[in-house]
Amino acid sequence: MCLAIPAKVLEIDYPFATVSLGGAKRKVRVDLLEDVKPGDYVLVHVGLAIQKVSEEEVKEIERLWEELLKE
Amino acid sequence: MGGVVERIVEKIREESKEFEEVKIMHLCGTHEDTISKYNIRSLIPENVKLLAGPGCPVCIIPDEDLQKVFHLLEREDVILTTFGDMARVPFEGKSLFHYRAKGKDVRIVYSVFDALEIAKNSDKNVVFFAIGFETTMPSTAVAAKEAPENFFIFSAHRFFIPAMEALMPNSEIDGYINPGHVSTIVGVVAYESLTKYKTPMVISGFEPEDVLLSILMLLKAIKNGSPLLMNEYVRAVRYEGNVKAKEVMNEVFDAEDGSWRGLGIIPNSKASLSRVYENCDAEKFFEDVFEDFVPKEDKRKKNCLCGEILKGKAFPTDCKLFMKACTPRDPIGSCMVSFEGTCNIWAKYGKSL
């Protein structure tokens, strides 16, 4: 139920966007996110994009991992 | 990534040495899926116990809500829409699929927006049986704001944070793995008030590496007594959460005391439509239909341990019915129905201890 899947935004037609969900195209709502652009990755849950997944934060987690494993 | 798993597991072994036993509870069915799928319980030392909590929205919905939907369907000519696994939950051997087979118009939707489309293209009244925690509530809230006259919401939504408030005092649990996608909406901030219970919590992602890293973070925090609140899932969870989603959710829903399977009544945990949106509240619109509604007990569920499993007090294999009278094909309890239910997951991947 609380599964959310990362999807790449292909096209915006506010409040909708066409996203690629593991290769399949799907129309989802993006109006609960700020500044979504084609190329962004979003987490999709039951037809609604609930958050952007940012590359910066992916790097941040990698840094966190390294730190924890080094200790 | 295999190398990373080995390295984290090695660290977990080292950290866990000084404990006699550590009890970690996760609070999301999708975490149980990761744990069982990758057999994480077998990777970590035996003294680190991974327990499953009430993190499955389909499982925790009490039979009363389901019976009410049946009651409505038996008396009104509506199109009933809901998610697939909710439609399979039985009560006295009947599920929403049973009603569909009997000719009732029950439709499975991927999202509430599909239900909204059905309403826009139909003259009949359309009822959406809404389930889910904070992850799912914003979508229902957006739909409520756009509801045509023939669209109604039967809300079985539950707020998850109040459930943690109910679980945490006087608990035997040493650390919690908090639900990742509930946290995407509510943010790290939502858990700050729970740090008063002095039990470390970590918001975790859903890859096996995420879960293992979260266990490692918890072990360190349990040993040191801090930090009490950590976020491993930084790629999807911000401190403040999704503010827009929280706003629309709080605008559309009011919190009331609500019943949970296994956990009883939890204050402020039921999301009911607020007065402004009562025109699309199925319980208000069909008020007369519910006048003679009386909830019953399902005798088939007498020996079902779903409630104990949702509290982390039992594993599916402790239940007499598990894989005997109760199977994914012919389930008795909701924990065997939902893809997030511990029994269903254990049935799929095998015993996970």
# chains A, B, ... in the order shown; residues from 1 in each chain; ligands from 1
$ interface_residues --of "chain B" --to "chain A" --cutoff "7 Å" --atoms "only C-alpha atoms" --output "NGL selection string"
:B and (8 or 30 or 57 or 110-111 or 132 or 135 or 139 or 181 or 184 or 234-236 or 242 or 244-245 or 340)
$ write_last_selection --atoms "C-alpha atoms" --output "PDB file, in the first residue's frame"
ATOM      1  CA  ILE B   8      27.168  -3.517   6.755  1.00  0.00           C
ATOM      2  CA  THR B  30       7.028  -2.736   2.542  1.00  0.00           C
ATOM      3  CA  PRO B  57      -3.127  -0.139   6.154  1.00  0.00           C
ATOM      4  CA  TYR B 110      -5.104   2.033  -9.296  1.00  0.00           C
ATOM      5  CA  SER B 111      -5.764   5.456  -7.816  1.00  0.00           C
ATOM      6  CA  GLY B 132      -4.110   4.088   3.658  1.00  0.00           C
ATOM      7  CA  THR B 135       1.192   8.364   2.175  1.00  0.00           C
ATOM      8  CA  SER B 139      -4.374  11.765  -3.125  1.00  0.00           C
ATOM      9  CA  HIS B 181       6.795   6.791   2.506  1.00  0.00           C
ATOM     10  CA  THR B 184       7.904  11.384   2.763  1.00  0.00           C
ATOM     11  CA  VAL B 234      17.283  11.298   2.823  1.00  0.00           C
ATOM     12  CA  ARG B 235      16.736  10.841  -0.901  1.00  0.00           C
ATOM     13  CA  ALA B 236      12.974  10.911  -0.378  1.00  0.00           C
ATOM     14  CA  ASN B 242       5.764  17.456   1.720  1.00  0.00           C
ATOM     15  CA  LYS B 244       1.670  21.044   0.199  1.00  0.00           C
ATOM     16  CA  ALA B 245       0.500  17.474   0.750  1.00  0.00           C
ATOM     17  CA  GLU B 340       1.936  -5.701   2.923  1.00  0.00           C
TER      18      GLU B 340
END
$ select_by_dssp --residues "region 26-229 of chain B" --states "helix (DSSP H, G or I)" --output "MDAnalysis selection string"
chainID B and resid 29:37 40:43 57:60 63:75 86:88 96:101 112:120 137:145 161:167 180:186 188:197 208:224
$ atom_distance --atom1 "CA of Cys326 (chain B)" --atom2 "CA of Asn303 (chain B)"
10.5 Å
$ atom_distance --atom1 "CA of Val9 (chain B)" --atom2 "CA of Leu229 (chain B)"
21.8 Å
$ closest_residue --among "A:Arg26, A:Arg63, A:Val36, A:Val44" --to "Tyr14 (chain A)" --atoms "only C-alpha atoms"
A:Val36
